[in-house]
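Enquirer: Structure file final.json (JSON, N, CA and C atoms) is given on the next line.
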```json
[["chain", "number", "residue", "atom", "x", "y", "z"],
["H", 1, "MET", "N", 1.42, -11.04, 4.61],
["H", 1, "MET", "CA", 1.63, -9.65, 4.99],
["H", 1, "MET", "C", 0.36, -8.81, 4.81],
["H", 2, "CYS", "N", -0.43, -9.12, 3.80],
["H", 2, "CYS", "CA", -1.60, -8.28, 3.54],
["H", 2, "CYS", "C", -2.70, -8.46, 4.57],
["H", 3, "ASP", "N", -2.50, -9.34, 5.55],
["H", 3, "ASP", "CA", -3.47, -9.42, 6.64],
["H", 3, "ASP", "C", -3.37, -8.19, 7.54],
["H", 4, "ARG", "N", -2.38, -7.34, 7.29],
["H", 4, "ARG", "CA", -2.23, -6.09, 8.04],
["H", 4, "ARG", "C", -2.81, -4.90, 7.29],
["H", 5, "ILE", "N", -3.34, -5.13, 6.09],
["H", 5, "ILE", "CA", -3.91, -4.06, 5.26],
["H", 5, "ILE", "C", -5.41, -4.28, 5.17],
["H", 6, "SER", "N", -6.16, -3.19, 5.25],
["H", 6, "SER", "CA", -7.61, -3.31, 5.11],
["H", 6, "SER", "C", -8.13, -2.25, 4.15],
["H", 7, "ILE", "N", -9.24, -2.58, 3.52],
["H", 7, "ILE", "CA", -9.94, -1.64, 2.65],
["H", 7, "ILE", "C", -11.38, -1.62, 3.12],
["H", 8, "ASP", "N", -11.78, -0.48, 3.64],
["H", 8, "ASP", "CA", -13.13, -0.32, 4.18],
["H", 8, "ASP", "C", -13.68, 1.00, 3.66],
["H", 9, "PRO", "N", -14.81, 0.96, 2.95],
["H", 9, "PRO", "CA", -15.36, 2.20, 2.40],
["H", 9, "PRO", "C", -15.67, 3.25, 3.45],
["H", 10, "LYS", "N", -15.77, 2.85, 4.72],
["H", 10, "LYS", "CA", -16.06, 3.80, 5.79],
["H", 10, "LYS", "C", -14.81, 4.44, 6.39],
["H", 11, "ILE", "N", -13.64, 3.96, 5.97],
["H", 11, "ILE", "CA", -12.38, 4.48, 6.51],
["H", 11, "ILE", "C", -11.54, 5.03, 5.36],
["H", 12, "CYS", "N", -11.17, 6.29, 5.47],
["H", 12, "CYS", "CA", -10.33, 6.97, 4.47],
["H", 12, "CYS", "C", -10.86, 6.79, 3.05],
["H", 13, "HIS", "N", -12.16, 6.88, 2.89],
["H", 13, "HIS", "CA", -12.82, 6.81, 1.58],
["H", 13, "HIS", "C", -12.49, 5.52, 0.83],
["H", 14, "GLY", "N", -12.25, 4.44, 1.56],
["H", 14, "GLY", "CA", -11.99, 3.16, 0.93],
["H", 14, "GLY", "C", -10.57, 2.94, 0.48],
["H", 15, "GLN", "N", -9.67, 3.84, 0.84],
["H", 15, "GLN", "CA", -8.27, 3.65, 0.48],
["H", 15, "GLN", "C", -7.69, 2.52, 1.33],
["H", 16, "ALA", "N", -6.72, 1.81, 0.78],
["H", 16, "ALA", "CA", -6.03, 0.77, 1.53],
["H", 16, "ALA", "C", -5.30, 1.42, 2.70],
["H", 17, "CYS", "N", -5.56, 0.91, 3.90],
["H", 17, "CYS", "CA", -4.95, 1.45, 5.13],
["H", 17, "CYS", "C", -4.36, 0.31, 5.94],
["H", 18, "ILE", "N", -3.49, 0.69, 6.85],
["H", 18, "ILE", "CA", -2.97, -0.28, 7.80],
["H", 18, "ILE", "C", -4.09, -0.59, 8.79],
["H", 19, "LYS", "N", -4.37, -1.86, 9.01],
["H", 19, "LYS", "CA", -5.46, -2.27, 9.91],
["H", 19, "LYS", "C", -5.30, -1.61, 11.27],
["H", 20, "ARG", "N", -6.43, -1.32, 11.88],
["H", 20, "ARG", "CA", -6.53, -0.70, 13.20],
["H", 20, "ARG", "C", -6.09, 0.76, 13.18],
["H", 21, "THR", "N", -5.86, 1.33, 12.00],
["H", 21, "THR", "CA", -5.43, 2.73, 11.91],
["H", 21, "THR", "C", -6.19, 3.42, 10.78],
["H", 22, "ARG", "N", -5.94, 4.68, 10.64],
["H", 22, "ARG", "CA", -6.42, 5.45, 9.50],
["H", 22, "ARG", "C", -5.22, 5.94, 8.68],
["H", 23, "VAL", "N", -4.17, 5.16, 8.70],
["H", 23, "VAL", "CA", -2.94, 5.50, 7.97],
["H", 23, "VAL", "C", -2.99, 4.80, 6.62],
["H", 24, "PRO", "N", -3.11, 5.58, 5.53],
["H", 24, "PRO", "CA", -3.17, 4.97, 4.20],
["H", 24, "PRO", "C", -1.83, 4.38, 3.77],
["H", 25, "VAL", "N", -1.91, 3.28, 3.06],
["H", 25, "VAL", "CA", -0.71, 2.62, 2.54],
["H", 25, "VAL", "C", 0.09, 3.59, 1.69],
["H", 26, "HIS", "N", -0.59, 4.36, 0.84],
["H", 26, "HIS", "CA", 0.13, 5.25, -0.08],
["H", 26, "HIS", "C", 0.96, 6.28, 0.69],
["H", 27, "GLN", "N", 0.49, 6.69, 1.85],
["H", 27, "GLN", "CA", 1.22, 7.68, 2.65],
["H", 27, "GLN", "C", 2.55, 7.10, 3.15],
["H", 28, "ILE", "N", 2.52, 5.88, 3.62],
["H", 28, "ILE", "CA", 3.74, 5.23, 4.10],
["H", 28, "ILE", "C", 4.73, 5.02, 2.96],
["H", 29, "VAL", "N", 4.24, 4.52, 1.83],
["H", 29, "VAL", "CA", 5.12, 4.26, 0.69],
["H", 29, "VAL", "C", 5.70, 5.56, 0.15],
["H", 30, "ARG", "N", 4.89, 6.60, 0.09],
["H", 30, "ARG", "CA", 5.40, 7.89, -0.40],
["H", 30, "ARG", "C", 6.47, 8.45, 0.53],
["H", 31, "MET", "N", 6.28, 8.31, 1.83],
["H", 31, "MET", "CA", 7.27, 8.79, 2.78],
["H", 31, "MET", "C", 8.59, 8.04, 2.62],
["H", 32, "LEU", "N", 8.51, 6.73, 2.42],
["H", 32, "LEU", "CA", 9.72, 5.95, 2.16],
["H", 32, "LEU", "C", 10.39, 6.41, 0.86],
["H", 33, "ALA", "N", 9.58, 6.64, -0.16],
["H", 33, "ALA", "CA", 10.11, 7.09, -1.46],
["H", 33, "ALA", "C", 10.78, 8.46, -1.34],
["H", 34, "ASN", "N", 10.33, 9.26, -0.41],
["H", 34, "ASN", "CA", 10.90, 10.60, -0.22],
["H", 34, "ASN", "C", 12.09, 10.60, 0.73],
["H", 35, "GLY", "N", 12.53, 9.40, 1.15],
["H", 35, "GLY", "CA", 13.75, 9.31, 1.92],
["H", 35, "GLY", "C", 13.59, 9.06, 3.41],
["H", 36, "ASP", "N", 12.36, 9.01, 3.90],
["H", 36, "ASP", "CA", 12.19, 8.67, 5.32],
["H", 36, "ASP", "C", 12.61, 7.23, 5.55],
["H", 37, "THR", "N", 13.15, 6.96, 6.72],
["H", 37, "THR", "CA", 13.53, 5.59, 7.07],
["H", 37, "THR", "C", 12.37, 4.91, 7.81],
["H", 38, "ILE", "N", 12.45, 3.61, 7.90],
["H", 38, "ILE", "CA", 11.43, 2.88, 8.64],
["H", 38, "ILE", "C", 11.43, 3.34, 10.10],
["H", 39, "ASN", "N", 12.61, 3.53, 10.66],
["H", 39, "ASN", "CA", 12.67, 3.98, 12.06],
["H", 39, "ASN", "C", 12.01, 5.35, 12.23],
["H", 40, "GLU", "N", 12.20, 6.25, 11.29],
["H", 40, "GLU", "CA", 11.55, 7.56, 11.36],
["H", 40, "GLU", "C", 10.03, 7.42, 11.30],
["H", 41, "LEU", "N", 9.56, 6.54, 10.42],
["H", 41, "LEU", "CA", 8.11, 6.31, 10.33],
["H", 41, "LEU", "C", 7.56, 5.77, 11.64],
["H", 42, "LEU", "N", 8.28, 4.83, 12.24],
["H", 42, "LEU", "CA", 7.82, 4.24, 13.50],
["H", 42, "LEU", "C", 7.82, 5.26, 14.64],
["H", 43, "GLU", "N", 8.74, 6.21, 14.58],
["H", 43, "GLU", "CA", 8.74, 7.28, 15.59],
["H", 43, "GLU", "C", 7.57, 8.24, 15.36],
["H", 44, "GLU", "N", 7.27, 8.51, 14.09],
["H", 44, "GLU", "CA", 6.18, 9.43, 13.73],
["H", 44, "GLU", "C", 4.81, 8.81, 14.01],
["H", 45, "TYR", "N", 4.67, 7.54, 13.67],
["H", 45, "TYR", "CA", 3.40, 6.83, 13.84],
["H", 45, "TYR", "C", 3.60, 5.74, 14.90],
["H", 46, "THR", "N", 3.44, 6.11, 16.13],
["H", 46, "THR", "CA", 3.77, 5.20, 17.24],
["H", 46, "THR", "C", 2.86, 3.97, 17.30],
["H", 47, "SER", "N", 1.72, 4.02, 16.64],
["H", 47, "SER", "CA", 0.82, 2.85, 16.65],
["H", 47, "SER", "C", 1.25, 1.79, 15.63],
["H", 48, "LEU", "N", 2.20, 2.12, 14.76],
["H", 48, "LEU", "CA", 2.64, 1.17, 13.73],
["H", 48, "LEU", "C", 3.76, 0.27, 14.24],
["H", 49, "GLU", "N", 3.84, -0.89, 13.62],
["H", 49, "GLU", "CA", 4.93, -1.83, 13.86],
["H", 49, "GLU", "C", 5.72, -1.97, 12.57],
["H", 50, "ARG", "N", 6.94, -2.41, 12.69],
["H", 50, "ARG", "CA", 7.81, -2.59, 11.52],
["H", 50, "ARG", "C", 7.12, -3.48, 10.47],
["H", 51, "GLU", "N", 6.42, -4.50, 10.92],
["H", 51, "GLU", "CA", 5.73, -5.41, 10.00],
["H", 51, "GLU", "C", 4.64, -4.70, 9.22],
["H", 52, "ASP", "N", 4.04, -3.64, 9.78],
["H", 52, "ASP", "CA", 3.04, -2.86, 9.06],
["H", 52, "ASP", "C", 3.66, -2.16, 7.85],
["H", 53, "VAL", "N", 4.85, -1.63, 8.03],
["H", 53, "VAL", "CA", 5.55, -0.96, 6.93],
["H", 53, "VAL", "C", 5.88, -1.98, 5.83],
["H", 54, "PHE", "N", 6.37, -3.15, 6.25],
["H", 54, "PHE", "CA", 6.66, -4.20, 5.26],
["H", 54, "PHE", "C", 5.39, -4.64, 4.54],
["H", 55, "ALA", "N", 4.29, -4.69, 5.26],
["H", 55, "ALA", "CA", 3.01, -5.07, 4.64],
["H", 55, "ALA", "C", 2.60, -4.04, 3.59],
["H", 56, "CYS", "N", 2.85, -2.77, 3.85],
["H", 56, "CYS", "CA", 2.55, -1.72, 2.85],
["H", 56, "CYS", "C", 3.35, -1.96, 1.58],
["H", 57, "LEU", "N", 4.63, -2.24, 1.74],
["H", 57, "LEU", "CA", 5.48, -2.48, 0.57],
["H", 57, "LEU", "C", 5.04, -3.74, -0.17],
["H", 58, "ASP", "N", 4.69, -4.76, 0.57],
["H", 58, "ASP", "CA", 4.22, -6.00, -0.05],
["H", 58, "ASP", "C", 2.92, -5.77, -0.82],
["H", 59, "TYR", "N", 2.02, -4.99, -0.24],
["H", 59, "TYR", "CA", 0.74, -4.69, -0.90],
["H", 59, "TYR", "C", 0.98, -3.92, -2.21],
["H", 60, "VAL", "N", 1.83, -2.91, -2.16],
["H", 60, "VAL", "CA", 2.11, -2.12, -3.36],
["H", 60, "VAL", "C", 2.81, -2.98, -4.41],
["H", 61, "ALA", "N", 3.70, -3.86, -3.99],
["H", 61, "ALA", "CA", 4.38, -4.74, -4.94],
["H", 61, "ALA", "C", 3.37, -5.65, -5.63],
["H", 62, "SER", "N", 2.38, -6.14, -4.88],
["H", 62, "SER", "CA", 1.39, -7.02, -5.50],
["H", 62, "SER", "C", 0.55, -6.25, -6.52],
["H", 63, "LEU", "N", 0.31, -4.97, -6.28],
["H", 63, "LEU", "CA", -0.42, -4.16, -7.27],
["H", 63, "LEU", "C", 0.42, -3.95, -8.52],
["H", 64, "ALA", "N", 1.72, -3.78, -8.34],
["H", 64, "ALA", "CA", 2.61, -3.51, -9.48],
["H", 64, "ALA", "C", 2.78, -4.74, -10.37],
["H", 65, "GLU", "N", 2.55, -5.93, -9.83],
["H", 65, "GLU", "CA", 2.75, -7.12, -10.66],
["H", 65, "GLU", "C", 1.48, -7.61, -11.33],
["H", 66, "GLU", "N", 0.39, -6.85, -11.18],
["H", 66, "GLU", "CA", -0.83, -7.24, -11.89],
["H", 66, "GLU", "C", -0.55, -7.26, -13.39],
["H", 67, "GLN", "N", -1.10, -8.23, -14.06],
["H", 67, "GLN", "CA", -0.86, -8.34, -15.50],
["H", 67, "GLN", "C", -1.84, -7.44, -16.24],
["H", 68, "ILE", "N", -1.29, -6.56, -17.05],
["H", 68, "ILE", "CA", -2.08, -5.67, -17.88],
["H", 68, "ILE", "C", -1.78, -6.02, -19.34],
["H", 69, "THR", "N", -2.81, -6.25, -20.12],
["H", 69, "THR", "CA", -2.63, -6.55, -21.54],
["H", 69, "THR", "C", -2.95, -5.30, -22.35],
["H", 70, "PRO", "N", -1.94, -4.77, -23.05],
["H", 70, "PRO", "CA", -2.19, -3.60, -23.89],
["H", 70, "PRO", "C", -3.23, -3.91, -24.95],
["H", 71, "ILE", "N", -4.05, -2.94, -25.28],
["H", 71, "ILE", "CA", -5.11, -3.12, -26.27],
["H", 71, "ILE", "C", -4.52, -3.60, -27.61],
["H", 72, "GLU", "N", -3.36, -3.07, -27.97],
["H", 72, "GLU", "CA", -2.74, -3.44, -29.25],
["H", 72, "GLU", "C", -2.48, -4.96, -29.30],
["H", 73, "ALA", "N", -2.18, -5.57, -28.15],
["H", 73, "ALA", "CA", -1.87, -7.00, -28.12],
["H", 73, "ALA", "C", -3.10, -7.86, -28.35],
["H", 74, "LEU", "N", -4.28, -7.30, -28.15],
["H", 74, "LEU", "CA", -5.50, -8.06, -28.36],
["H", 74, "LEU", "C", -5.84, -8.20, -29.84],
["H", 75, "GLY", "N", -5.31, -7.28, -30.65],
["H", 75, "GLY", "CA", -5.50, -7.34, -32.10],
["H", 75, "GLY", "C", -6.95, -7.40, -32.52],
["H", 76, "SER", "N", -7.28, -8.40, -33.29],
["H", 76, "SER", "CA", -8.63, -8.50, -33.84],
["H", 76, "SER", "C", -9.64, -9.13, -32.88],
["H", 77, "ALA", "N", -9.21, -9.44, -31.67],
["H", 77, "ALA", "CA", -10.13, -10.04, -30.69],
["H", 77, "ALA", "C", -11.17, -9.03, -30.20],
["H", 78, "ILE", "N", -10.90, -7.76, -30.46],
["H", 78, "ILE", "CA", -11.85, -6.72, -30.00],
["H", 78, "ILE", "C", -12.97, -6.55, -31.00]]
```
With the file now loaded, output its structure as structure tokens.
Expert:
Amino acid sequence: MCDRISIDPKICHGQACIKRTRVPVHQIVRMLANGDTINELLEEYTSLEREDVFACLDYVASLAEEQITPIEALGSAI
């Protein structure tokens, strides 16, 4: 799915965007979080495909599953 997402420092200040567009991933995810439906997004952004919206969700999910180790867990290793 992430083959539909690009990060280019020359486009939208390097924010993750849907390829071939200047539509940031965060914008699509925020609109979904605010209650917009996929069909509404596709009507608003006619250059997008349903798979682009799913790719945004997949990209954000992959960011959320990154493993973060709290400093406290490192103990005396610091």
Enquirer: Return the single residue from H:Ser62, H:Thr46, H:Ile5, H:Leu41 that is closest to Val25 in chain H, with distances computed using all atoms listed in the file.
Expert: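 The closest residue to Val25 in chain H is H:Ile5.
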Enquirer: In Å to one decimal, how far is atom C of Glu65 in chain H from CA of Gly35 in chain H?
Expert: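 Separation between CA of Gly35 in chain H and atom C of Glu65 in chain H: 24.7 Å.
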Enquirer: At what distance in Å, to one decimal, does atom N of Ser6 in chain H lie from CA of Leu63 in chain H?
Expert: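 Separating CA of Leu63 in chain H from atom N of Ser6 in chain H is a distance of 13.8 Å.
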Enquirer: Using all atoms listed in the file, which residues sit within 8 Å of Thr21 in chain H once same-chain residues fewer than 2 positions away are excluded, as a PyMOL selection string?
Expert: chain H and resi 11-12+17-19+23-24+47
Enquirer: Between atom C of Phe54 in chain H and CA of Cys2 in chain H, what is the distance, to one decimal in Å?
Expert: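 Pair atom C of Phe54 in chain H / CA of Cys2 in chain H returns 7.9 Å.
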Enquirer: Write out as a list in words all residues of chain H that backbone DSSP assigns to strand (DSSP E).
Expert: Ile5, Ser6, Cys17 and Ile18 of chain H
